[in-house]
Structure formats: C-alpha cells, structure tokens
>>> print(open('structure-v4.txt').read())   # compact mmCIF, C-alpha atoms
# COMPACT_ATOMS: atom_id res chain seq x y z
CA MET A 783 161.46 -16.76 68.25
CA THR A 784 159.41 -14.37 70.37
CA ILE A 785 159.16 -10.78 71.33
CA VAL A 786 159.33 -10.60 75.08
CA ALA A 787 156.76 -8.26 76.59
CA ALA A 788 157.91 -5.54 78.95
CA SER A 789 155.94 -3.12 81.05
CA GLY A 790 153.27 -1.22 79.19
CA PRO A 791 149.73 0.11 79.52
CA ASN A 792 147.40 -2.63 80.70
CA SER A 793 143.88 -1.24 80.90
CA LEU A 794 141.94 -0.22 77.82
CA PHE A 795 141.74 3.35 79.11
CA ASP A 796 145.52 3.51 79.55
CA ARG A 797 146.10 2.17 76.06
CA PHE A 798 143.69 4.66 74.55
CA ALA A 799 145.18 7.57 76.50
CA LYS A 800 148.75 6.65 75.55
CA LEU A 801 148.15 6.33 71.82
CA ASN A 802 150.31 8.62 69.71
CA TRP A 803 147.74 11.37 69.22
CA GLY A 804 150.14 13.37 67.08
CA ILE A 805 149.91 10.72 64.36
CA ILE A 806 146.13 10.45 64.71
CA THR A 807 145.67 14.24 64.55
CA VAL A 808 147.73 14.64 61.38
CA LEU A 809 145.87 11.77 59.70
CA CYS A 810 142.55 13.44 60.58
CA ILE A 811 143.66 16.81 59.17
CA LEU A 812 144.81 15.20 55.90
CA ALA A 813 141.50 13.35 55.56
CA MET A 814 139.55 16.59 56.22
CA ILE A 815 141.56 18.28 53.45
CA GLY A 816 140.55 15.41 51.19
CA VAL A 817 136.87 15.94 52.03
CA ALA A 818 137.16 19.68 51.29
CA ILE A 819 138.94 19.12 47.99
CA HIS A 820 136.43 16.52 46.82
CA PHE A 821 133.62 18.89 47.78
CA SER A 822 135.19 21.57 45.60
CA GLU A 823 135.46 19.11 42.73
CA SER A 824 131.78 18.15 42.85
CA ALA A 825 130.37 21.49 44.06
CA SER A 826 128.28 21.92 40.93
CA ALA A 827 126.60 18.52 41.30
CA ALA A 828 123.16 18.20 42.85
CA ASP A 829 124.26 15.31 45.07
CA VAL A 830 127.45 17.01 46.22
CA TRP A 831 127.40 15.67 49.78
CA THR A 832 126.27 12.16 48.85
CA ASN A 833 129.01 11.66 46.31
CA MET A 834 132.78 11.72 46.88
CA PRO A 835 133.11 13.99 49.96
CA LEU A 836 130.79 11.93 52.14
CA THR A 837 132.19 8.64 50.88
CA HIS A 838 135.75 9.82 51.53
CA GLY A 839 134.92 11.02 55.04
CA MET A 840 132.94 7.92 56.03
CA ARG A 841 135.65 5.63 54.69
CA PHE A 842 138.25 7.45 56.77
CA LEU A 843 136.16 7.28 59.95
CA MET A 844 135.72 3.53 59.56
CA LEU A 845 139.43 3.00 58.92
CA LEU A 846 140.32 5.33 61.82
CA SER A 847 138.21 3.24 64.20
CA LEU A 848 139.79 0.06 62.84
CA MET A 849 143.29 1.55 63.19
CA ILE A 850 142.76 2.46 66.85
CA ILE A 851 141.27 -0.95 67.68
CA MET A 852 144.17 -2.75 65.98
CA ALA A 853 146.73 -0.59 67.79
CA MET A 854 145.16 -1.22 71.18
CA PHE A 855 144.66 -4.98 70.88
CA LEU A 856 147.41 -6.26 68.55
CA ASP A 857 151.00 -5.99 69.73
CA SER A 858 154.30 -6.66 67.95
CA ARG A 859 154.13 -10.39 68.66
CA PHE A 860 151.08 -10.66 66.42
CA TRP A 861 152.63 -8.71 63.55
CA LEU A 862 155.87 -10.66 63.86
CA ALA A 863 153.95 -13.96 63.75
CA ILE A 864 152.01 -13.10 60.57
CA ALA A 865 154.88 -11.37 58.73
CA TYR A 866 156.04 -14.30 56.58
CA PRO A 867 152.56 -15.86 56.08
CA LEU A 868 151.17 -12.47 55.01
CA TYR A 869 154.04 -11.94 52.56
CA ALA A 870 153.70 -15.46 51.15
CA GLY A 871 149.94 -15.09 50.81
CA ALA A 872 150.28 -11.76 49.02
CA LEU A 873 152.88 -13.26 46.66
CA LEU A 874 150.58 -16.18 45.83
CA LEU A 875 147.74 -13.77 45.17
CA LEU A 876 149.98 -11.76 42.81
CA LEU A 877 150.74 -15.00 40.96
CA ALA A 878 147.00 -15.68 40.81
CA VAL A 879 146.44 -12.23 39.30
CA ALA A 880 148.83 -13.13 36.48
CA VAL A 881 146.77 -16.25 35.75
CA ILE A 882 143.13 -15.46 36.52
CA GLY A 883 143.16 -11.75 37.30
CA GLU A 884 140.41 -9.36 36.25
CA THR A 885 141.31 -6.78 33.61
CA ARG A 886 140.06 -3.20 33.93
CA LEU A 887 141.09 -0.31 31.71
CA GLY A 888 143.85 -2.38 30.13
CA ALA A 889 145.45 -3.47 33.43
CA THR A 890 145.15 -6.84 35.18
CA ARG A 891 145.48 -5.96 38.86
CA TRP A 892 142.42 -7.39 40.60
CA LEU A 893 141.14 -10.72 41.84
CA SER A 894 137.39 -11.24 42.06
CA LEU A 895 136.46 -13.52 44.95
CA GLY A 896 132.68 -13.61 44.80
CA PRO A 897 131.41 -10.15 45.76
CA LEU A 898 134.91 -9.15 46.93
CA SER A 899 137.37 -7.46 44.56
CA LEU A 900 140.93 -7.58 45.89
CA GLN A 901 144.08 -5.81 44.71
CA PRO A 902 146.94 -8.00 46.05
CA SER A 903 149.61 -5.38 45.36
CA GLU A 904 148.17 -3.31 48.23
CA LEU A 905 148.44 -6.29 50.57
CA MET A 906 152.05 -6.74 49.48
CA LYS A 907 152.97 -3.21 50.57
CA VAL A 908 152.25 -4.17 54.18
CA GLY A 909 153.48 -7.74 53.83
CA LEU A 910 156.86 -6.70 52.45
CA VAL A 911 157.52 -4.21 55.25
CA LEU A 912 156.67 -6.82 57.90
CA ALA A 913 158.64 -9.62 56.20
CA LEU A 914 161.81 -7.55 55.75
CA ALA A 915 161.57 -6.29 59.33
CA ARG A 916 161.24 -9.86 60.62
CA TYR A 917 164.13 -11.07 58.43
CA TYR A 918 166.56 -8.51 59.81
CA HIS A 919 165.18 -8.89 63.32
CA GLN A 920 166.11 -12.59 63.23
CA LEU A 921 169.41 -12.15 61.40
CA ASP A 922 172.73 -12.14 63.24
CA PRO A 923 173.90 -8.48 63.18
CA ARG A 924 177.30 -9.60 61.91
CA ARG A 925 175.69 -10.88 58.72
CA THR A 926 173.54 -7.84 57.99
CA GLY A 927 175.95 -6.14 55.60
CA THR A 928 177.26 -9.22 53.79
CA VAL A 929 176.49 -9.95 50.15
CA LEU A 930 175.23 -13.48 50.77
CA TRP A 931 172.68 -12.48 53.42
CA SER A 932 171.53 -9.52 51.32
CA ILE A 933 170.33 -11.81 48.52
CA PRO A 934 167.10 -12.96 50.27
CA PRO A 935 165.86 -9.37 50.88
CA PHE A 936 166.64 -8.42 47.27
CA LEU A 937 164.62 -11.43 46.11
CA MET A 938 161.81 -10.57 48.52
CA ILE A 939 161.64 -7.13 46.90
CA GLY A 940 162.29 -8.15 43.30
CA LEU A 941 159.73 -10.96 42.96
CA PRO A 942 156.61 -8.92 43.81
CA ALA A 943 157.96 -5.90 41.93
CA ALA A 944 158.34 -8.00 38.78
CA LEU A 945 154.83 -9.45 39.12
CA ILE A 946 153.36 -5.99 39.67
CA MET A 947 155.25 -4.62 36.66
CA HIS A 948 153.65 -7.39 34.60
CA GLN A 949 150.11 -6.24 35.49
CA PRO A 950 151.20 -3.49 34.44
CA ASP A 951 151.51 -1.11 37.42
CA LEU A 952 154.77 0.82 37.20
CA GLY A 953 153.90 3.19 40.05
CA THR A 954 153.23 0.46 42.64
CA ALA A 955 156.33 -1.45 41.53
CA MET A 956 158.44 1.67 42.08
CA LEU A 957 156.85 2.15 45.50
CA ILE A 958 157.56 -1.46 46.51
CA VAL A 959 161.21 -1.22 45.44
CA PHE A 960 161.81 2.15 47.11
CA SER A 961 160.25 1.13 50.44
CA GLY A 962 162.09 -2.18 50.51
CA LEU A 963 165.47 -0.61 49.79
CA ILE A 964 164.94 1.98 52.53
CA ILE A 965 164.34 -0.81 55.06
CA MET A 966 167.51 -2.58 53.90
CA PHE A 967 169.47 0.66 54.23
CA VAL A 968 168.15 1.32 57.75
CA ALA A 969 168.97 -2.28 58.70
CA GLY A 970 172.62 -1.70 57.83
CA LEU A 971 173.15 -2.44 54.14
CA LEU A 972 176.73 -1.56 53.14
CA TRP A 973 177.40 1.27 50.70
CA ARG A 974 179.31 -0.96 48.26
CA ILE A 975 176.24 -3.18 47.94
CA ILE A 976 174.03 -0.12 47.49
CA ILE A 977 176.26 1.18 44.68
CA ALA A 978 176.36 -2.21 42.99
CA GLY A 979 172.60 -2.46 43.31
CA ALA A 980 172.19 0.99 41.78
CA VAL A 981 174.25 -0.07 38.76
CA VAL A 982 172.16 -3.21 38.36
CA GLY A 983 169.00 -1.10 38.84
CA VAL A 984 169.96 1.28 36.02
CA GLY A 985 170.59 -1.69 33.75
CA GLY A 986 167.28 -3.22 34.78
CA ALA A 987 165.45 0.06 34.10
CA LEU A 988 166.91 0.21 30.59
CA PHE A 989 165.92 -3.42 29.99
CA ALA A 990 162.40 -2.77 31.31
CA TYR A 991 162.04 0.31 29.07
CA ARG A 992 163.09 -1.69 26.06
CA TYR A 993 161.29 -4.98 26.60
CA LEU A 994 158.82 -4.85 29.52
CA LEU A 995 156.98 -1.51 29.45
CA HIS A 996 153.72 -1.27 27.55
CA GLY A 997 153.38 1.23 24.75
CA TYR A 998 151.53 3.87 26.76
CA GLN A 999 154.08 3.59 29.58
CA ARG A 1000 156.96 4.04 27.15
CA GLU A 1001 155.22 7.11 25.69
CA ARG A 1002 154.95 8.66 29.17
CA VAL A 1003 158.65 8.04 29.78
CA ASP A 1004 159.49 9.59 26.39
CA VAL A 1005 157.44 12.68 27.24
CA PHE A 1006 159.16 12.93 30.61
CA LEU A 1007 162.61 12.68 29.02
CA GLY A 1008 161.68 15.20 26.35
CA ALA A 1009 162.19 12.65 23.58
CA THR A 1010 158.69 13.40 22.28
CA ASN A 1011 156.18 16.21 22.65
CA ASP A 1012 152.57 15.05 22.71
CA PRO A 1013 150.44 17.79 24.34
CA LEU A 1014 147.17 16.19 23.26
CA GLY A 1015 148.15 12.62 24.09
CA ALA A 1016 150.67 11.23 26.57
CA GLY A 1017 151.75 14.71 27.66
CA TYR A 1018 148.26 16.12 28.21
CA HIS A 1019 147.96 15.28 31.91
CA VAL A 1020 151.22 16.89 32.96
CA LEU A 1021 150.69 19.90 30.69
CA GLN A 1022 147.31 20.73 32.25
CA SER A 1023 148.75 20.13 35.72
CA LYS A 1024 151.64 22.53 35.09
CA ILE A 1025 149.22 25.18 33.79
CA ALA A 1026 147.12 24.88 36.96
CA ILE A 1027 150.12 24.97 39.31
CA GLY A 1028 151.91 27.72 37.39
CA SER A 1029 148.88 30.01 37.48
CA ALA A 1030 148.26 29.56 41.23
CA GLY A 1031 150.90 31.95 42.57
CA LEU A 1032 151.51 32.32 46.29
CA ILE A 1033 147.98 31.93 47.67
CA GLY A 1034 146.12 30.40 44.71
CA ARG A 1035 142.91 31.28 42.91
CA GLY A 1036 140.72 30.64 45.94
CA TYR A 1037 138.51 27.81 47.12
CA LEU A 1038 136.14 26.61 44.36
CA GLN A 1039 137.81 29.02 41.90
CA GLY A 1040 140.32 26.78 40.09
CA THR A 1041 139.80 27.05 36.35
CA GLN A 1042 141.67 23.93 35.21
CA SER A 1043 139.92 21.74 37.76
CA GLN A 1044 136.46 23.33 37.80
CA LEU A 1045 136.26 23.41 34.00
CA ASP A 1046 137.43 19.79 33.72
CA PHE A 1047 140.65 20.47 31.85
CA LEU A 1048 142.57 18.49 34.48
CA PRO A 1049 142.20 14.70 34.11
CA GLU A 1050 142.07 12.33 37.09
CA LYS A 1051 141.74 15.33 39.41
CA HIS A 1052 140.14 13.31 42.21
CA THR A 1053 142.95 10.71 42.35
CA ASP A 1054 146.37 11.12 40.75
CA PHE A 1055 146.22 14.91 40.30
CA VAL A 1056 144.49 15.94 43.51
CA PHE A 1057 147.64 17.78 44.67
CA THR A 1058 147.31 19.98 41.58
CA MET A 1059 143.80 20.94 42.72
CA ILE A 1060 145.13 21.90 46.14
CA VAL A 1061 147.88 24.11 44.71
CA GLU A 1062 145.59 25.73 42.12
CA GLN A 1063 143.10 26.77 44.79
CA PHE A 1064 145.49 27.54 47.68
CA GLY A 1065 148.76 28.28 45.92
CA PHE A 1066 152.28 27.66 47.13
CA VAL A 1067 151.16 28.21 50.72
CA GLY A 1068 148.51 25.50 50.52
CA GLY A 1069 150.81 23.03 48.80
CA ALA A 1070 153.60 23.65 51.33
CA PHE A 1071 151.14 23.19 54.21
CA VAL A 1072 150.01 19.80 52.91
CA LEU A 1073 153.59 18.66 52.31
CA GLY A 1074 154.45 19.88 55.82
CA LEU A 1075 151.71 17.63 57.23
CA PHE A 1076 153.16 14.63 55.43
CA VAL A 1077 156.65 15.49 56.68
CA ALA A 1078 155.28 15.71 60.23
CA LEU A 1079 153.62 12.31 59.83
CA MET A 1080 156.89 10.79 58.61
CA ALA A 1081 158.73 12.42 61.51
CA PHE A 1082 156.28 10.92 64.03
CA ALA A 1083 156.81 7.45 62.51
CA LEU A 1084 160.60 7.84 62.58
CA GLN A 1085 160.41 9.03 66.18
CA VAL A 1086 158.55 5.82 67.03
CA ALA A 1087 161.29 3.86 65.23
CA MET A 1088 164.02 5.52 67.28
CA ARG A 1089 162.22 4.91 70.59
CA ALA A 1090 161.37 1.25 69.97
CA ARG A 1091 163.67 -1.24 71.72
CA SER A 1092 163.15 -4.15 69.32
CA LEU A 1093 164.75 -4.12 65.88
CA PHE A 1094 161.48 -5.39 64.44
CA GLY A 1095 159.61 -2.38 65.81
CA LYS A 1096 162.28 0.00 64.53
CA LEU A 1097 162.28 -1.42 61.00
CA VAL A 1098 158.49 -1.69 60.71
CA SER A 1099 158.01 1.94 61.77
CA ALA A 1100 160.76 3.10 59.42
CA GLY A 1101 159.22 0.99 56.65
CA VAL A 1102 155.81 2.62 57.07
CA ALA A 1103 157.48 6.05 56.96
CA ALA A 1104 159.30 4.99 53.78
CA THR A 1105 156.05 3.78 52.20
CA LEU A 1106 154.38 7.10 52.98
CA ALA A 1107 157.39 9.00 51.61
CA SER A 1108 157.23 6.92 48.42
CA TYR A 1109 153.56 7.75 47.88
CA VAL A 1110 154.06 11.47 48.48
CA PHE A 1111 157.27 11.84 46.47
CA ILE A 1112 156.06 9.92 43.42
CA ASN A 1113 152.66 11.66 43.37
CA THR A 1114 153.90 15.23 43.81
CA ALA A 1115 156.88 14.74 41.50
CA MET A 1116 154.56 13.23 38.90
CA VAL A 1117 152.15 16.18 38.79
CA ILE A 1118 154.97 18.69 38.17
CA GLY A 1119 156.76 16.56 35.60
CA LEU A 1120 159.76 15.40 37.65
CA VAL A 1121 158.89 11.72 37.10
CA PRO A 1122 156.70 10.03 34.48
CA VAL A 1123 152.96 9.74 35.13
CA VAL A 1124 152.59 6.36 36.84
CA GLY A 1125 149.22 6.52 38.60
CA VAL A 1126 150.17 6.82 42.28
CA PRO A 1127 147.56 8.58 44.49
CA LEU A 1128 148.22 11.07 47.29
CA PRO A 1129 147.38 9.07 50.45
CA MET A 1130 144.56 10.22 52.73
CA ILE A 1131 143.56 12.92 50.21
CA SER A 1132 143.04 11.21 46.85
CA PHE A 1133 139.66 9.54 46.42
CA GLY A 1134 139.72 5.76 46.71
CA GLY A 1135 140.17 3.22 49.46
CA THR A 1136 143.28 1.27 48.48
CA ALA A 1137 146.05 3.72 49.44
CA MET A 1138 144.12 4.92 52.49
CA THR A 1139 143.60 1.36 53.75
CA THR A 1140 147.25 0.47 53.22
CA LEU A 1141 148.52 3.51 55.13
CA MET A 1142 145.98 3.20 57.96
CA VAL A 1143 146.92 -0.44 58.54
CA GLY A 1144 150.58 0.61 58.43
CA PHE A 1145 150.03 3.31 61.03
CA ALA A 1146 148.03 0.91 63.17
CA ILE A 1147 151.26 -1.11 63.41
CA VAL A 1148 153.28 2.04 64.16
CA LEU A 1149 150.84 3.01 66.93
CA SER A 1150 151.04 -0.52 68.34
CA VAL A 1151 154.85 -0.39 68.36
CA ASP A 1152 154.80 3.00 70.07
CA LEU A 1153 152.29 1.87 72.66
CA ARG A 1154 154.55 -1.04 73.65
CA ARG A 1155 157.91 0.51 72.80
CA ASP A 1156 159.74 -1.34 75.61
CA GLN A 1157 159.07 -4.78 74.16
CA GLN A 1158 162.36 -6.51 73.39
CA GLY A 1159 162.97 -9.15 70.78
CA ALA A 1160 165.05 -12.32 71.01
CA ARG A 1161 166.81 -13.35 67.80
CA GLY A 1162 166.63 -16.80 66.30
CA LEU A 1163 165.99 -18.58 63.02
CA LEU A 1164 162.64 -20.09 64.04
CA TRP A 1165 159.46 -18.53 65.34
>>> encode(input="structure-v4.txt", output="structure tokens")
Amino acid sequence: MTIVAASGPNSLFDRFAKLNWGIITVLCILAMIGVAIHFSESASAADVWTNMPLTHGMRFLMLLSLMIIMAMFLDSRFWLAIAYPLYAGALLLLLAVAVIGETRLGATRWLSLGPLSLQPSELMKVGLVLALARYYHQLDPRRTGTVLWSIPPFLMIGLPAALIMHQPDLGTAMLIVFSGLIIMFVAGLLWRIIIAGAVVGVGGALFAYRYLLHGYQRERVDVFLGATNDPLGAGYHVLQSKIAIGSAGLIGRGYLQGTQSQLDFLPEKHTDFVFTMIVEQFGFVGGAFVLGLFVALMAFALQVAMRARSLFGKLVSAGVAATLASYVFINTAMVIGLVPVVGVPLPMISFGGTAMTTLMVGFAIVLSVDLRRDQQGARGLLW
C-alpha cells in the first residue's frame, strides 16, 4: 500500500514558505505565555532566568526547529510506513515498564536505557493516532461501521490504556481512550456501537474504581464525587486552586501578584495547576484568551484534516486535534473540580518536556499533511 504523491512544493524555500504559519504562530504564543508564567513563579529566586523560564523557552525552540525540519522533509508516506511499527514498539515498551520499569514517587512509568530515561506512554500517544489512521485508511469503507471490524481499533486503544492504568497513570489512560475514540468516530463509527461502548465503558469505570485504582486515586475520585471532604489531604489541591481562581475576578490580581501561587499555597503550580496561575494573575480575560488560543490551534488542525485528500491525512490531523483537546479539557476541568485530579499538564505552558514533545511531533505531522495536502492514498491490506 502506498500514498501516491501529487503536485506539491519542491524546493526547500517553497516548503518553508508554504508551511502553515498559523499553527506555528499559535504554538509560539503559547510557549511565550509559559515562559512568562514560569518567570512569575520563580521571580523571587536569584537564578530566575537560569531556572524554569530559560529551560522552557530553550526546550521549545529546539522542538520548534525539529518540528519544522520534520514537516519539510518527512511526508505522509513516511508516517504511514512507521505507523504500525511505532505502535508495536510503544506497546512492547509499555510491557517492559510493567516488568523492569523505574518507580518514581510511587508510579512505575519510566524505562532507564543507560543515560536515557524514556516514558513509553508518551510515545504511544503518537503511535496510536498513526496506527488507527492507517487502519481506517486501509479498511474498505463498507466495513468501517461494522461490529467485527471495530474490534481491532477497540483492542488497539484498550491494550495500552490498561497497561498505562497499571503504572498507575489515570490521566494518560483517559487521554489515550478519548483520542482513540474520537478518531474512530471521525472514521465513521456507528452510533449504536458508540452507545454500546459507552455502556461497557461505564461498567469498566465502576470495575476500575473498585478493583484497579490505587488508594490515592480512589480518594481523589471520592473527593470529586463529594463522597468525602478532605481539605488537608486529597482535596487540598483543588481547594487551593478554586480559591485562586475564585478570587481572580475579571482581570485578575496582576502579573506577579497572585497570592496563592506566590505564597506557595498552590501545589504543582508549574505543571498540573499552571492554568490556575494564569487565571489568578490575569483573571477571566486571561484564562479565556489562553483557551481561545488552544481552540484556534485545534481549528487549524481540523482545517488541515478537511483539506487533506487522503483518509490517512484526515484522520491523523483530526487525531492530533483530539489529543490536544484531551490535554486541555482534562487539565482545565481538573483545576476547577469538574474531573478528579489526574496529573495531566497543560501543553506548551506547563513545565516539562513530555507533553510538549508529544504535541510538537504531532503538529509536525499535521504540518507535513498540510504541506502535501493533495497526496492521495490507495487502499489495500499490505504496505
């Protein structure tokens, strides 16, 4: 099976000029907001510019350069070719984590390969999107909505989600499931299968709560449901976040003036609760502006999906948009108490390289699809 190349930009200058600069611009603005927020967090430190702000900015610049290079030189044929091998490799690495993984802070999520520390669940986020897109790209359209041919995608989603839950990492498992189901829906999954899957999902969630979740995870769910009230324990994070957001008003307390964040009442403020810092300092206006940027980024990715001629390109672009939406929804809903605290960062803004790397690689694929949007794919069962 191949993707047949059509007319597209040939010279390096043409490729660079025809990149989707709307996507690149929004990514840059989000990263700059991250630098500003991390500066505000460490403003009282003597090494303020050599700590998180500089690290965050330099990491983004390196990933931005890598993203542009990948978009210019790697087309859809490359991503289609590595889709199944990448998924299989990520699944094997997740199995290896369960056997020989490194435990940090009570969670076994990492593999240490000499000086390299790898988190395979991040690799799976990209691998799953590519593998599902390739599966539906190759599948006869008449079989897309049938129960039998929907089993492989459900297994492709369920196996890594179960392994990630075992680590335990509830947030990443939720993200994997949500992104995968969105791709299946876009590909043409029938409503009766969606409803049946929802029923099974509710049953699975109840089973996981009863038998699979760790004690601290169950406590967070209980706090979310109102079954318990633990303001100094499991409920502390969300309580402090709500205080910060509730006191911000329309325009916030001002840059560097947030009391909950500056006085260290807010835990994990540089990662999971960075959106709370934004709202506390810049209020409803600042929070709405950041969410508007993410919506614009999703819209750009969906626009690429609609313009692509190959089904693979459409589904990959929609899958990256779904992954971004999952990150943003879970993180922002978590900090205001709409979902349990599950440790999902706000991409491009939260400190740390895992979510940023995943999204930048994803958008490198989106840029590549957009650059060669007229490529058409032939369907078949073999590569």
>>> residues_near_point(input="structure-v4.txt", point="(153.3, -13.0, 53.0)", cutoff="9 Å", atoms="all atoms listed in the file", output="number ranges by chain")
A: 864-874, 905-906, 908-910, 912-913
>>> closest_residue(input="structure-v4.txt", among="A:Ala799, A:Leu1093, A:Ile1027, A:Thr954", to="Gly1068 of chain A", atoms="all atoms listed in the file")
A:Ile1027
>>> residues_around(input="structure-v4.txt", residues="Ile946 of chain A", least_positions_apart="3", cutoff="8 Å", atoms="only C-alpha atoms", output="list in words")
Leu876, Arg891, Ser903, Pro942, Ala943, Gln949, Pro950, Asp951, Leu952, Thr954 and Ala955 of chain A
>>> write_last_selection(input="structure-v4.txt", atoms="C-alpha atoms", output="mmCIF file, in the frame of the given file")
data_model
loop_
_atom_site.group_PDB
_atom_site.id
_atom_site.type_symbol
_atom_site.label_atom_id
_atom_site.label_comp_id
_atom_site.auth_asym_id
_atom_site.auth_seq_id
_atom_site.Cartn_x
_atom_site.Cartn_y
_atom_site.Cartn_z
ATOM 1 C CA LEU A 876 149.980 -11.760 42.810
ATOM 2 C CA ARG A 891 145.480 -5.960 38.860
ATOM 3 C CA SER A 903 149.610 -5.380 45.360
ATOM 4 C CA PRO A 942 156.610 -8.920 43.810
ATOM 5 C CA ALA A 943 157.960 -5.900 41.930
ATOM 6 C CA GLN A 949 150.110 -6.240 35.490
ATOM 7 C CA PRO A 950 151.200 -3.490 34.440
ATOM 8 C CA ASP A 951 151.510 -1.110 37.420
ATOM 9 C CA LEU A 952 154.770 0.820 37.200
ATOM 10 C CA THR A 954 153.230 0.460 42.640
ATOM 11 C CA ALA A 955 156.330 -1.450 41.530
#
>>> axis_aligned_box(input="structure-v4.txt", around="segment 949-955 of chain A", padding_each_side="8 Å", output="JSON")
{"center_x": 153.2, "center_y": -1.5, "center_z": 38.5, "size_x": 22.2, "size_y": 25.4, "size_z": 24.2}
>>> closest_residue(input="structure-v4.txt", among="A:Thr1114, A:Ser1132, A:Ser858, A:Thr1140", to="Val1102 of chain A", atoms="only C-alpha atoms")
A:Thr1140
>>> residues_around(input="structure-v4.txt", residues="Leu1075 of chain A", least_positions_apart="2", cutoff="9 Å", atoms="only C-alpha atoms", output="list of chain:residue names")
A:Val808, A:Leu809, A:Ile811, A:Leu812, A:Ala1070, A:Phe1071, A:Val1072, A:Leu1073, A:Val1077, A:Ala1078, A:Leu1079, A:Met1080
>>> atom_distance(input="structure-v4.txt", atom1="atom CA of Arg974 of chain A", atom2="atom CA of Val929 of chain A")
9.6 Å
>>> residues_near_point(input="structure-v4.txt", point="(134.9, 26.8, 48.0)", cutoff="9 Å", atoms="all atoms listed in the file", output="number ranges by chain")
A: 818-819, 821-822, 825, 1036-1039, 1063
>>> atom_distance(input="structure-v4.txt", atom1="atom CA of Gly1101 of chain A", atom2="atom CA of Pro1127 of chain A")
18.5 Å
>>> atom_distance(input="structure-v4.txt", atom1="atom CA of Leu877 of chain A", atom2="atom CA of Trp931 of chain A")
25.4 Å
>>> residues_around(input="structure-v4.txt", residues="Asp1054 of chain A", least_positions_apart="4", cutoff="12 Å", atoms="all atoms listed in the file", output="PDB file with C-alpha atoms, in the frame of the given file")
ATOM      1  CA  GLY A 953     153.900   3.190  40.050  1.00  0.00           C
ATOM      2  CA  HIS A1019     147.960  15.280  31.910  1.00  0.00           C
ATOM      3  CA  VAL A1020     151.220  16.890  32.960  1.00  0.00           C
ATOM      4  CA  SER A1023     148.750  20.130  35.720  1.00  0.00           C
ATOM      5  CA  LEU A1048     142.570  18.490  34.480  1.00  0.00           C
ATOM      6  CA  PRO A1049     142.200  14.700  34.110  1.00  0.00           C
ATOM      7  CA  GLU A1050     142.070  12.330  37.090  1.00  0.00           C
ATOM      8  CA  THR A1058     147.310  19.980  41.580  1.00  0.00           C
ATOM      9  CA  MET A1059     143.800  20.940  42.720  1.00  0.00           C
ATOM     10  CA  TYR A1109     153.560   7.750  47.880  1.00  0.00           C
ATOM     11  CA  VAL A1110     154.060  11.470  48.480  1.00  0.00           C
ATOM     12  CA  ILE A1112     156.060   9.920  43.420  1.00  0.00           C
ATOM     13  CA  ASN A1113     152.660  11.660  43.370  1.00  0.00           C
ATOM     14  CA  THR A1114     153.900  15.230  43.810  1.00  0.00           C
ATOM     15  CA  ALA A1115     156.880  14.740  41.500  1.00  0.00           C
ATOM     16  CA  MET A1116     154.560  13.230  38.900  1.00  0.00           C
ATOM     17  CA  VAL A1117     152.150  16.180  38.790  1.00  0.00           C
ATOM     18  CA  ILE A1118     154.970  18.690  38.170  1.00  0.00           C
ATOM     19  CA  VAL A1123     152.960   9.740  35.130  1.00  0.00           C
ATOM     20  CA  VAL A1124     152.590   6.360  36.840  1.00  0.00           C
ATOM     21  CA  GLY A1125     149.220   6.520  38.600  1.00  0.00           C
ATOM     22  CA  VAL A1126     150.170   6.820  42.280  1.00  0.00           C
ATOM     23  CA  PRO A1127     147.560   8.580  44.490  1.00  0.00           C
ATOM     24  CA  LEU A1128     148.220  11.070  47.290  1.00  0.00           C
ATOM     25  CA  PRO A1129     147.380   9.070  50.450  1.00  0.00           C
ATOM     26  CA  ILE A1131     143.560  12.920  50.210  1.00  0.00           C
ATOM     27  CA  SER A1132     143.040  11.210  46.850  1.00  0.00           C
ATOM     28  CA  PHE A1133     139.660   9.540  46.420  1.00  0.00           C
ATOM     29  CA  GLY A1134     139.720   5.760  46.710  1.00  0.00           C
ATOM     30  CA  ALA A1137     146.050   3.720  49.440  1.00  0.00           C
TER      31      ALA A1137
END
>>> build_atoms(input="structure-v4.txt", residues="segment 794-809 of chain A", atoms="N, CA and C atoms", output="mmCIF file, keeping the file's coordinate frame")
data_model
loop_
_atom_site.group_PDB
_atom_site.id
_atom_site.type_symbol
_atom_site.label_atom_id
_atom_site.label_comp_id
_atom_site.auth_asym_id
_atom_site.auth_seq_id
_atom_site.Cartn_x
_atom_site.Cartn_y
_atom_site.Cartn_z
ATOM 1 N N LEU A 794 142.348 -0.798 79.096
ATOM 2 C CA LEU A 794 141.940 -0.220 77.820
ATOM 3 C C LEU A 794 142.029 1.309 77.862
ATOM 4 N N PHE A 795 141.671 1.891 79.003
ATOM 5 C CA PHE A 795 141.740 3.350 79.110
ATOM 6 C C PHE A 795 143.182 3.835 78.987
ATOM 7 N N ASP A 796 144.112 3.123 79.633
ATOM 8 C CA ASP A 796 145.520 3.510 79.550
ATOM 9 C C ASP A 796 146.036 3.404 78.123
ATOM 10 N N ARG A 797 145.666 2.336 77.445
ATOM 11 C CA ARG A 797 146.100 2.170 76.060
ATOM 12 C C ARG A 797 145.574 3.287 75.180
ATOM 13 N N PHE A 798 144.298 3.611 75.366
ATOM 14 C CA PHE A 798 143.690 4.660 74.550
ATOM 15 C C PHE A 798 144.348 6.008 74.839
ATOM 16 N N ALA A 799 144.595 6.286 76.119
ATOM 17 C CA ALA A 799 145.180 7.570 76.500
ATOM 18 C C ALA A 799 146.608 7.717 76.009
ATOM 19 N N LYS A 800 147.339 6.598 75.919
ATOM 20 C CA LYS A 800 148.750 6.650 75.550
ATOM 21 C C LYS A 800 149.008 6.410 74.075
ATOM 22 N N LEU A 801 147.951 6.372 73.273
ATOM 23 C CA LEU A 801 148.150 6.330 71.820
ATOM 24 C C LEU A 801 148.889 7.581 71.360
ATOM 25 N N ASN A 802 149.587 7.469 70.262
ATOM 26 C CA ASN A 802 150.310 8.620 69.710
ATOM 27 C C ASN A 802 149.295 9.538 69.010
ATOM 28 N N TRP A 803 148.804 10.514 69.759
ATOM 29 C CA TRP A 803 147.740 11.370 69.220
ATOM 30 C C TRP A 803 148.274 12.372 68.203
ATOM 31 N N GLY A 804 149.570 12.555 68.149
ATOM 32 C CA GLY A 804 150.140 13.370 67.080
ATOM 33 C C GLY A 804 149.901 12.745 65.729
ATOM 34 N N ILE A 805 150.155 11.436 65.608
ATOM 35 C CA ILE A 805 149.910 10.720 64.360
ATOM 36 C C ILE A 805 148.428 10.764 64.000
ATOM 37 N N ILE A 806 147.578 10.490 64.973
ATOM 38 C CA ILE A 806 146.130 10.450 64.710
ATOM 39 C C ILE A 806 145.633 11.821 64.267
ATOM 40 N N THR A 807 146.116 12.886 64.896
ATOM 41 C CA THR A 807 145.670 14.240 64.550
ATOM 42 C C THR A 807 146.060 14.605 63.121
ATOM 43 N N VAL A 808 147.291 14.307 62.734
ATOM 44 C CA VAL A 808 147.730 14.640 61.380
ATOM 45 C C VAL A 808 146.938 13.845 60.343
ATOM 46 N N LEU A 809 146.685 12.571 60.615
ATOM 47 C CA LEU A 809 145.870 11.770 59.700
ATOM 48 C C LEU A 809 144.476 12.374 59.538
#
